[in-house]
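Enquirer: My structure is stored as run35.cif, with mmCIF, C-alpha atoms.
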```cif
data_query
#
loop_
_atom_site.group_PDB
_atom_site.id
_atom_site.type_symbol
_atom_site.label_atom_id
_atom_site.label_comp_id
_atom_site.auth_asym_id
_atom_site.auth_seq_id
_atom_site.Cartn_x
_atom_site.Cartn_y
_atom_site.Cartn_z
ATOM 1 C CA MET A 12 0.000 0.000 0.000
ATOM 2 C CA ALA A 13 1.270 3.462 -0.895
ATOM 3 C CA GLU A 14 2.424 5.655 1.978
ATOM 4 C CA THR A 15 2.573 9.415 2.260
ATOM 5 C CA PRO A 16 6.244 10.498 2.209
ATOM 6 C CA LEU A 17 7.527 12.167 5.365
ATOM 7 C CA ILE A 18 8.721 15.494 3.972
ATOM 8 C CA GLN A 19 11.656 16.962 5.884
ATOM 9 C CA TRP A 20 11.477 20.555 4.673
ATOM 10 C CA PRO A 21 9.669 23.274 6.685
ATOM 11 C CA LYS A 22 6.450 25.006 5.749
ATOM 12 C CA ALA A 23 6.796 28.124 3.644
ATOM 13 C CA PRO A 24 6.392 31.466 5.412
ATOM 14 C CA ARG A 25 3.071 33.241 4.965
ATOM 15 C CA GLU A 26 4.801 35.901 2.899
ATOM 16 C CA PHE A 27 7.666 35.275 0.485
ATOM 17 C CA SER A 28 9.116 36.707 -2.678
ATOM 18 C CA LEU A 29 11.075 35.230 -5.555
ATOM 19 C CA GLY A 30 14.077 37.436 -6.189
ATOM 20 C CA LYS A 31 16.075 37.480 -9.392
ATOM 21 C CA ARG A 32 18.729 35.182 -7.915
ATOM 22 C CA ASP A 33 16.413 32.983 -5.863
ATOM 23 C CA VAL A 34 15.458 29.364 -6.391
ATOM 24 C CA HIS A 35 12.433 28.026 -4.544
ATOM 25 C CA VAL A 36 12.040 24.255 -4.310
ATOM 26 C CA TRP A 37 8.786 22.705 -3.103
ATOM 27 C CA ALA A 38 8.082 19.118 -2.096
ATOM 28 C CA ALA A 39 4.539 17.767 -1.998
ATOM 29 C CA PRO A 40 2.850 14.417 -1.350
ATOM 30 C CA LEU A 41 0.718 13.014 -4.157
ATOM 31 C CA LEU A 42 -1.646 11.256 -1.758
ATOM 32 C CA VAL A 43 -4.390 13.724 -0.851
ATOM 33 C CA LEU A 44 -8.016 13.639 0.261
ATOM 34 C CA ALA A 45 -10.668 13.049 -2.401
ATOM 35 C CA GLU A 46 -12.094 16.567 -2.156
ATOM 36 C CA GLN A 47 -8.607 18.032 -2.534
ATOM 37 C CA ALA A 48 -7.982 15.856 -5.581
ATOM 38 C CA ALA A 49 -11.253 17.069 -7.111
ATOM 39 C CA THR A 50 -10.240 20.685 -6.557
ATOM 40 C CA TYR A 51 -6.884 20.135 -8.220
ATOM 41 C CA GLU A 52 -8.458 18.288 -11.150
ATOM 42 C CA ALA A 53 -10.895 21.139 -11.742
ATOM 43 C CA THR A 54 -7.971 23.498 -12.461
ATOM 44 C CA LEU A 55 -6.529 21.338 -15.242
ATOM 45 C CA SER A 56 -6.882 22.295 -18.885
ATOM 46 C CA SER A 57 -8.780 20.120 -21.335
ATOM 47 C CA ASP A 58 -5.557 18.781 -22.854
ATOM 48 C CA GLU A 59 -4.224 17.870 -19.388
ATOM 49 C CA GLN A 60 -7.457 16.086 -18.563
ATOM 50 C CA ALA A 61 -7.261 14.220 -21.867
ATOM 51 C CA ARG A 62 -3.673 13.239 -21.130
ATOM 52 C CA ALA A 63 -4.693 12.006 -17.674
ATOM 53 C CA ALA A 64 -7.432 9.870 -19.201
ATOM 54 C CA ARG A 65 -4.881 8.056 -21.364
ATOM 55 C CA PHE A 66 -3.020 6.568 -18.385
ATOM 56 C CA LEU A 67 -3.592 2.839 -18.169
ATOM 57 C CA PHE A 68 -3.421 2.624 -14.377
ATOM 58 C CA GLU A 69 -5.525 4.681 -11.985
ATOM 59 C CA ARG A 70 -2.470 5.209 -9.767
ATOM 60 C CA ASP A 71 -0.581 6.939 -12.576
ATOM 61 C CA ARG A 72 -3.631 8.972 -13.560
ATOM 62 C CA ARG A 73 -4.059 10.189 -9.976
ATOM 63 C CA ARG A 74 -0.400 11.125 -9.628
ATOM 64 C CA PHE A 75 -0.468 13.122 -12.858
ATOM 65 C CA ILE A 76 -3.636 15.001 -11.859
ATOM 66 C CA ILE A 77 -2.411 15.853 -8.368
ATOM 67 C CA GLY A 78 1.065 16.791 -9.594
ATOM 68 C CA ARG A 79 -0.274 19.119 -12.277
ATOM 69 C CA GLY A 80 -2.851 20.550 -9.891
ATOM 70 C CA ILE A 81 -0.186 21.358 -7.294
ATOM 71 C CA LEU A 82 2.051 22.854 -9.986
ATOM 72 C CA ARG A 83 -0.792 25.150 -11.030
ATOM 73 C CA ALA A 84 -1.505 26.048 -7.398
ATOM 74 C CA ILE A 85 2.128 26.981 -6.744
ATOM 75 C CA LEU A 86 2.457 28.954 -9.974
ATOM 76 C CA GLY A 87 -0.809 30.706 -9.164
ATOM 77 C CA LYS A 88 0.720 32.022 -5.971
ATOM 78 C CA TYR A 89 3.671 33.526 -7.808
ATOM 79 C CA LEU A 90 1.633 34.897 -10.696
ATOM 80 C CA ARG A 91 -1.295 36.002 -8.502
ATOM 81 C CA ILE A 92 -3.852 34.455 -10.813
ATOM 82 C CA PRO A 93 -6.279 31.542 -10.421
ATOM 83 C CA PRO A 94 -4.529 28.230 -11.199
ATOM 84 C CA ALA A 95 -7.027 27.354 -13.935
ATOM 85 C CA GLN A 96 -5.996 30.431 -15.954
ATOM 86 C CA ILE A 97 -2.402 29.266 -16.365
ATOM 87 C CA ARG A 98 -1.478 28.066 -19.844
ATOM 88 C CA PHE A 99 1.528 25.946 -20.755
ATOM 89 C CA THR A 100 3.635 25.438 -23.829
ATOM 90 C CA TYR A 101 5.940 22.460 -24.384
ATOM 91 C CA ALA A 102 9.450 22.115 -25.786
ATOM 92 C CA HIS A 103 10.591 19.369 -28.152
ATOM 93 C CA HIS A 104 11.182 16.846 -25.371
ATOM 94 C CA GLY A 105 8.051 17.812 -23.467
ATOM 95 C CA LYS A 106 9.527 20.294 -20.972
ATOM 96 C CA PRO A 107 6.666 22.605 -19.919
ATOM 97 C CA ALA A 108 6.927 26.387 -19.713
ATOM 98 C CA LEU A 109 4.506 29.246 -19.224
ATOM 99 C CA ALA A 110 2.771 30.158 -22.466
ATOM 100 C CA ASP A 111 2.332 33.820 -21.492
ATOM 101 C CA LEU A 112 5.469 35.268 -19.937
ATOM 102 C CA ALA A 113 4.442 38.915 -20.240
ATOM 103 C CA GLY A 114 4.370 40.467 -16.793
ATOM 104 C CA THR A 115 5.790 37.373 -15.078
ATOM 105 C CA ASP A 116 9.389 38.639 -14.994
ATOM 106 C CA GLU A 117 10.415 35.425 -16.751
ATOM 107 C CA LEU A 118 9.229 32.868 -14.218
ATOM 108 C CA HIS A 119 10.772 29.489 -14.972
ATOM 109 C CA PHE A 120 9.970 26.152 -13.394
ATOM 110 C CA ASN A 121 10.514 22.427 -13.551
ATOM 111 C CA LEU A 122 8.947 19.454 -11.812
ATOM 112 C CA ALA A 123 9.563 15.778 -11.156
ATOM 113 C CA HIS A 124 7.946 12.995 -9.193
ATOM 114 C CA SER A 125 8.735 9.529 -7.912
ATOM 115 C CA GLU A 126 6.172 7.240 -6.303
ATOM 116 C CA GLU A 127 4.033 9.487 -4.056
ATOM 117 C CA LEU A 128 6.374 12.502 -3.907
ATOM 118 C CA ALA A 129 6.619 15.458 -6.276
ATOM 119 C CA VAL A 130 9.156 18.292 -6.326
ATOM 120 C CA PHE A 131 8.847 21.666 -8.039
ATOM 121 C CA ALA A 132 11.577 24.251 -8.735
ATOM 122 C CA MET A 133 10.795 27.941 -9.349
ATOM 123 C CA SER A 134 13.260 30.637 -10.428
ATOM 124 C CA ARG A 135 13.726 33.805 -12.471
ATOM 125 C CA ILE A 136 16.888 32.185 -13.848
ATOM 126 C CA ARG A 137 16.313 30.543 -17.197
ATOM 127 C CA GLY A 138 17.176 26.867 -17.580
ATOM 128 C CA ILE A 139 16.386 25.060 -14.348
ATOM 129 C CA GLY A 140 16.015 21.312 -13.945
ATOM 130 C CA ILE A 141 15.011 19.058 -11.077
ATOM 131 C CA ASP A 142 14.771 15.331 -10.490
ATOM 132 C CA VAL A 143 13.844 13.033 -7.597
ATOM 133 C CA GLU A 144 13.926 9.286 -7.071
ATOM 134 C CA LYS A 145 12.730 6.976 -4.342
ATOM 135 C CA GLN A 146 15.739 4.981 -3.239
ATOM 136 C CA ARG A 147 15.471 1.235 -3.691
ATOM 137 C CA PRO A 148 17.889 -1.665 -4.156
ATOM 138 C CA ILE A 149 19.455 -1.775 -7.629
ATOM 139 C CA ASP A 150 20.971 -5.232 -8.083
ATOM 140 C CA ASP A 151 22.628 -4.415 -11.413
ATOM 141 C CA ALA A 152 23.795 -0.870 -10.575
ATOM 142 C CA GLU A 153 27.341 -1.502 -11.760
ATOM 143 C CA SER A 154 26.288 -3.008 -15.087
ATOM 144 C CA ILE A 155 23.878 -0.105 -15.683
ATOM 145 C CA ALA A 156 26.711 2.318 -14.953
ATOM 146 C CA GLU A 157 29.010 0.511 -17.413
ATOM 147 C CA ARG A 158 26.365 0.706 -20.114
ATOM 148 C CA PHE A 159 25.011 4.236 -19.680
ATOM 149 C CA PHE A 160 27.512 6.314 -17.666
ATOM 150 C CA SER A 161 31.069 7.388 -18.384
ATOM 151 C CA ALA A 162 34.021 5.086 -17.766
ATOM 152 C CA HIS A 163 35.251 7.374 -14.972
ATOM 153 C CA GLU A 164 31.854 7.336 -13.254
ATOM 154 C CA SER A 165 31.638 3.581 -13.606
ATOM 155 C CA ARG A 166 35.003 3.191 -11.919
ATOM 156 C CA GLN A 167 33.990 5.589 -9.158
ATOM 157 C CA LEU A 168 30.813 3.639 -8.481
ATOM 158 C CA LYS A 169 32.685 0.325 -8.350
ATOM 159 C CA SER A 170 35.158 1.787 -5.867
ATOM 160 C CA LEU A 171 32.428 2.608 -3.330
ATOM 161 C CA PRO A 172 31.789 0.275 -0.386
ATOM 162 C CA ALA A 173 28.842 -2.030 -0.950
ATOM 163 C CA GLN A 174 26.632 -0.094 1.489
ATOM 164 C CA LYS A 175 27.302 3.151 -0.420
ATOM 165 C CA LYS A 176 26.723 1.937 -3.986
ATOM 166 C CA GLN A 177 22.975 2.587 -3.920
ATOM 167 C CA ASP A 178 23.521 6.183 -2.804
ATOM 168 C CA GLY A 179 26.197 6.662 -5.450
ATOM 169 C CA PHE A 180 23.988 5.256 -8.193
ATOM 170 C CA PHE A 181 21.033 7.501 -7.386
ATOM 171 C CA ASN A 182 23.335 10.505 -7.073
ATOM 172 C CA LEU A 183 24.527 9.805 -10.604
ATOM 173 C CA TRP A 184 21.067 9.284 -12.001
ATOM 174 C CA THR A 185 19.287 12.271 -10.448
ATOM 175 C CA ARG A 186 22.098 14.740 -11.100
ATOM 176 C CA LYS A 187 22.383 13.790 -14.763
ATOM 177 C CA GLU A 188 18.618 13.813 -15.203
ATOM 178 C CA ALA A 189 18.323 17.242 -13.542
ATOM 179 C CA TRP A 190 20.900 18.692 -15.962
ATOM 180 C CA LEU A 191 19.241 17.102 -18.991
ATOM 181 C CA LYS A 192 15.877 18.502 -17.897
ATOM 182 C CA ALA A 193 17.431 21.932 -17.347
ATOM 183 C CA THR A 194 18.721 21.972 -20.918
ATOM 184 C CA GLY A 195 15.532 20.466 -22.320
ATOM 185 C CA GLU A 196 17.397 17.490 -23.751
ATOM 186 C CA GLY A 197 16.022 13.970 -23.684
ATOM 187 C CA LEU A 198 17.942 11.162 -22.054
ATOM 188 C CA GLY A 199 18.767 9.450 -25.318
ATOM 189 C CA GLU A 200 22.452 8.576 -25.538
ATOM 190 C CA MET A 201 23.691 11.608 -23.599
ATOM 191 C CA LEU A 202 24.044 10.079 -20.140
ATOM 192 C CA ASN A 203 27.708 9.279 -20.712
ATOM 193 C CA GLN A 204 28.454 12.676 -22.277
ATOM 194 C CA ILE A 205 28.205 14.595 -19.012
ATOM 195 C CA GLU A 206 30.033 13.744 -15.812
ATOM 196 C CA VAL A 207 28.911 14.484 -12.264
ATOM 197 C CA SER A 208 30.183 13.776 -8.785
ATOM 198 C CA LEU A 209 28.627 10.745 -7.136
ATOM 199 C CA ARG A 210 30.378 9.934 -3.867
ATOM 200 C CA PRO A 211 28.011 10.378 -0.892
ATOM 201 C CA ASP A 212 30.739 12.194 1.072
ATOM 202 C CA GLU A 213 31.299 14.825 -1.649
ATOM 203 C CA PRO A 214 29.140 17.795 -2.703
ATOM 204 C CA ALA A 215 27.105 17.602 -5.887
ATOM 205 C CA ARG A 216 29.075 18.996 -8.827
ATOM 206 C CA LEU A 217 28.962 18.973 -12.597
ATOM 207 C CA LEU A 218 32.430 17.864 -13.689
ATOM 208 C CA SER A 219 32.303 18.056 -17.467
ATOM 209 C CA ILE A 220 29.930 18.598 -20.390
ATOM 210 C CA PHE A 221 30.999 16.798 -23.570
ATOM 211 C CA ASN A 222 34.548 16.685 -22.136
ATOM 212 C CA ASP A 223 34.472 20.433 -21.470
ATOM 213 C CA THR A 224 35.343 21.052 -17.822
ATOM 214 C CA LYS A 225 35.190 24.858 -18.183
ATOM 215 C CA ALA A 226 31.582 24.736 -19.382
ATOM 216 C CA ALA A 227 30.721 22.656 -16.330
ATOM 217 C CA THR A 228 31.910 25.424 -13.984
ATOM 218 C CA GLU A 229 29.109 27.665 -15.253
ATOM 219 C CA TRP A 230 26.552 25.297 -13.745
ATOM 220 C CA SER A 231 25.566 24.393 -10.205
ATOM 221 C CA LEU A 232 24.212 21.114 -8.919
ATOM 222 C CA ARG A 233 22.542 20.821 -5.527
ATOM 223 C CA GLU A 234 21.644 17.626 -3.724
ATOM 224 C CA LEU A 235 18.053 17.470 -2.481
ATOM 225 C CA ILE A 236 16.776 15.275 0.343
ATOM 226 C CA PRO A 237 13.086 16.205 0.413
ATOM 227 C CA ALA A 238 11.791 13.192 2.349
ATOM 228 C CA ASN A 239 12.922 10.021 4.054
ATOM 229 C CA GLY A 240 13.995 7.483 1.436
ATOM 230 C CA PHE A 241 14.171 9.975 -1.442
ATOM 231 C CA VAL A 242 17.079 11.728 -3.119
ATOM 232 C CA GLY A 243 17.003 14.427 -5.759
ATOM 233 C CA ALA A 244 19.042 17.061 -7.529
ATOM 234 C CA LEU A 245 18.670 20.568 -8.862
ATOM 235 C CA ALA A 246 20.642 21.872 -11.864
ATOM 236 C CA ILE A 247 20.878 25.537 -12.793
ATOM 237 C CA PRO A 248 23.192 27.571 -15.078
ATOM 238 C CA ALA A 249 24.322 29.908 -12.287
ATOM 239 C CA THR A 250 26.655 29.946 -9.307
ATOM 240 C CA ASP A 251 25.351 32.965 -7.368
ATOM 241 C CA PHE A 252 21.877 32.107 -6.138
ATOM 242 C CA GLN A 253 19.956 31.397 -2.951
ATOM 243 C CA MET A 254 17.984 28.158 -2.656
ATOM 244 C CA HIS A 255 15.008 27.837 -0.312
ATOM 245 C CA CYS A 256 13.313 24.477 0.260
ATOM 246 C CA TRP A 257 9.741 24.224 1.552
ATOM 247 C CA SER A 258 6.980 21.659 1.914
ATOM 248 C CA TRP A 259 3.665 22.224 0.159
ATOM 249 C CA GLN A 260 0.807 21.667 2.568
ATOM 250 C CA PRO A 261 -2.032 19.467 1.197
ATOM 251 C CA GLN A 262 -4.602 21.557 3.027
ATOM 252 C CA ALA A 263 -3.447 24.635 1.083
ATOM 253 C CA VAL A 264 -5.748 23.847 -1.837
ATOM 254 C CA PRO A 265 -6.272 27.083 -3.782
ATOM 255 C CA ALA A 266 -9.649 28.670 -4.196
ATOM 256 C CA MET A 267 -11.018 28.977 -7.690
ATOM 257 C CA GLN A 268 -11.197 32.741 -7.336
ATOM 258 C CA ALA A 269 -8.362 35.246 -7.488
ATOM 259 C CA LEU A 270 -5.751 34.795 -4.795
ATOM 260 C CA PRO A 271 -5.284 37.397 -2.030
ATOM 261 C CA HIS A 272 -3.095 40.313 -3.077
ATOM 262 C CA ALA A 273 -0.836 39.750 -0.070
ATOM 263 C CA VAL A 274 0.213 36.239 -1.063
ATOM 264 C CA ILE A 275 3.521 37.545 -2.409
ATOM 265 C CA SER A 276 5.311 40.484 -0.878
ATOM 266 C CA HIS A 277 8.799 41.875 -0.740
ATOM 267 C CA VAL A 278 9.230 41.036 2.949
ATOM 268 C CA LYS A 279 12.400 39.024 3.435
ATOM 269 C CA PRO A 280 11.475 35.844 5.363
ATOM 270 C CA ASN A 281 13.583 33.904 7.826
ATOM 271 C CA GLU A 282 13.215 30.658 5.935
ATOM 272 C CA GLN A 283 15.771 27.873 5.826
ATOM 273 C CA ARG A 284 18.453 28.545 3.220
ATOM 274 C CA LEU A 285 20.597 25.775 1.777
#
```
What does the file become when written as structure tokens?
Expert:
Amino acid sequence: MAETPLIQWPKAPREFSLGKRDVHVWAAPLLVLAEQAATYEATLSSDEQARAARFLFERDRRRFIIGRGILRAILGKYLRIPPAQIRFTYAHHGKPALADLAGTDELHFNLAHSEELAVFAMSRIRGIGIDVEKQRPIDDAESIAERFFSAHESRQLKSLPAQKKQDGFFNLWTRKEAWLKATGEGLGEMLNQIEVSLRPDEPARLLSIFNDTKAATEWSLRELIPANGFVGALAIPATDFQMHCWSWQPQAVPAMQALPHAVISHVKPNEQRL
């Protein structure tokens, strides 16, 4: 039976603002009450509802609906408009973006989910990517690394103690996926063309992009631990930014009407900064 993830991040302050060098990361459970699910579903566009209907399993349909509903609710807070009024456009590999950027000061976002947990990244900085995975035993981690990752990364993974290999593998996977989502590229055959740090005792770093170590220094990777048993990563083409991590509260289902004008202010909160 699915369980609600125990999110470790604090609640967001009542008032917050997204500065030009800020990154806000939200974590949210995808298990919610039926009336909350109905409220989220009512904000979806017709094409999102049609996409949800195409899922074979009810579990996947529910996760898509709740994830998109929460995304709209969060974006609605930043844009100060009802969630149902938000329109999306999609890049070649399906990366969503706001269709109408006028007046939004270039609000960019990305989202990911694994099992019953979703994460959402918001920033004024263009090109942001996020990924999350529920940790689980990977019996063939080393063979997967040999096939899809670089030779250096494969050797690094093999050198880890047995009890650290799972952490190293998911560090590799989420950090690469976050960068690929930031650039809008599909996975394809590119996993071995970028190199990232993977050792659990080292900070997340992008080491090289197509053998270019200088290009990698223009990017930042951040490890994310949003909930017990989950690991994630954020990728962004910047080095001078502030990251704030919060939990989205299921009871904070948005009303269908316009949001209060005081939802976003320029008051500087005392939130946790990573």
Enquirer: Go ahead and compute the interatomic distance for atom CA of Ala108 of chain A and atom CA of Lys225 of chain A, in Å to one decimal.
Expert: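 A separation of 28.3 Å between them.
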Enquirer: Determine, counting only C-alpha atoms, which protein, DNA and RNA residues have an atom within 8 Å of an atom of segment 73-80 of chain A; residues of the same chain fewer than 6 positions away are not included. Present the result as a list in words.
Expert: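 These residues fall inside the cut-off: Leu41, Leu42, Ala48, Tyr51, Glu52, Thr54, Leu55, Gln60, Ala63, Pro94, His124, Glu127 and Ala129 of chain A.
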Enquirer: I'd like to know which of A:Val242, A:Leu218, A:Asp71, A:Pro93 is closest to Arg147 of chain A, using all atoms listed in the file.
Expert: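 Of A:Val242, A:Leu218, A:Asp71, A:Pro93, the one nearest Arg147 of chain A is A:Val242, counting all atoms listed in the file.
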Enquirer: Pick out the residues sitting within 8 Å of segment 249-258 of chain A, and hand them over as a ChimeraX atom specification; count all atoms listed in the file, and ignore anything fewer than 4 positions along from it in its own chain.
Expert: /A:18-23,32-39,136,229-231,282-285
Enquirer: What is the distance, in Å and to one decimal place, between atom CA of His119 of chain A and atom CA of Phe27 of chain A?
Expert: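 A separation of 16.8 Å between them.
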Enquirer: Using only C-alpha atoms, which of the listed residues (A:Lys176, A:Lys145, A:Arg166, A:Arg158) sits closest to Asn203 of chain A?
Expert: A:Arg158
Enquirer: The centre and edge lengths of an axis-aligned box containing all atoms of segment 119-133 of chain A present in the file, extended by 3 Å on each side, are to be given in Å to one decimal, as AutoDock Vina command-line options.
Expert:
```
--center_x 7.8 --center_y 18.4 --center_z -9.4 --size_x 13.5 --size_y 28.2 --size_z 17.1
```
Enquirer: Rounded to one decimal place, report the atom CA of Arg83 of chain A-atom CA of Glu196 of chain A distance in Å.
Expert: 23.5 Å
Enquirer: For a quick check of understanding, using only C-alpha atoms, which of A:Ile139, A:Leu29, A:Ile97, A:Ile92 has the smallest distance to Glu59 of chain A?
Expert: A:Ile97
Enquirer: Near Gly105 of chain A, counting only C-alpha atoms, which residues have an atom at most 10 Å away, once you skip same-chain residues fewer than 4 positions from it, shown as a JSON list (two decimals) with C-alpha atoms, in the coordinates of the input?
Expert:
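The new file selection_11.json reads:
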```json
[["chain", "number", "residue", "atom", "x", "y", "z"],
["A", 100, "THR", "CA", 3.64, 25.44, -23.83],
["A", 101, "TYR", "CA", 5.94, 22.46, -24.38],
["A", 192, "LYS", "CA", 15.88, 18.50, -17.90],
["A", 195, "GLY", "CA", 15.53, 20.47, -22.32],
["A", 196, "GLU", "CA", 17.40, 17.49, -23.75],
["A", 197, "GLY", "CA", 16.02, 13.97, -23.68]]
```
Enquirer: Would you list the residues near (18.4, 13.3, -2.5) (no more than 12 Å away, in the coordinates of the file, using only C-alpha atoms) as a PyMOL selection string?
Expert: chain A and resi 18-19+38+125+130+141-146+177-186+189+209+211+214-215+232-245
Enquirer: Taking all atoms listed in the file into account, which of A:Phe160, A:Leu118, A:Gln204, A:Pro16 comes nearest Gly87 of chain A?
Expert: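 Answer, going by the shortest atom-to-atom distance: A:Leu118.
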Enquirer: Using only C-alpha atoms, find the one residue out of A:Leu128, A:Ala173, A:Ser134, A:His104 that sits nearest to Ile149 of chain A.
Expert: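 That would be A:Ala173, the residue with the smallest distance to Ile149 of chain A.
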Enquirer: Give the answer as one residue: which of A:Asp58, A:Glu69, A:Glu206, A:Glu14 has the shortest atom-to-atom distance to Ala156 of chain A, using only C-alpha atoms?
Expert: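 Going through A:Asp58, A:Glu69, A:Glu206, A:Glu14 one by one, the smallest distance to Ala156 of chain A is for A:Glu206.
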Enquirer: Please evaluate the PyMOL selection byres ((chain A and resi 157) around 12) against the displayed coordinates and give the resulting residues as a compact mmCIF listing (two decimals) with C-alpha atoms, keeping the file's coordinate frame.
Expert:
```txt
# COMPACT_ATOMS: atom_id res chain seq x y z
CA ASP A 151 22.63 -4.42 -11.41
CA ALA A 152 23.80 -0.87 -10.58
CA GLU A 153 27.34 -1.50 -11.76
CA SER A 154 26.29 -3.01 -15.09
CA ILE A 155 23.88 -0.10 -15.68
CA ALA A 156 26.71 2.32 -14.95
CA ARG A 158 26.36 0.71 -20.11
CA PHE A 159 25.01 4.24 -19.68
CA PHE A 160 27.51 6.31 -17.67
CA SER A 161 31.07 7.39 -18.38
CA ALA A 162 34.02 5.09 -17.77
CA HIS A 163 35.25 7.37 -14.97
CA GLU A 164 31.85 7.34 -13.25
CA SER A 165 31.64 3.58 -13.61
CA ARG A 166 35.00 3.19 -11.92
CA GLN A 167 33.99 5.59 -9.16
CA LEU A 168 30.81 3.64 -8.48
CA LYS A 169 32.68 0.32 -8.35
CA PHE A 180 23.99 5.26 -8.19
CA LEU A 202 24.04 10.08 -20.14
CA ASN A 203 27.71 9.28 -20.71
```
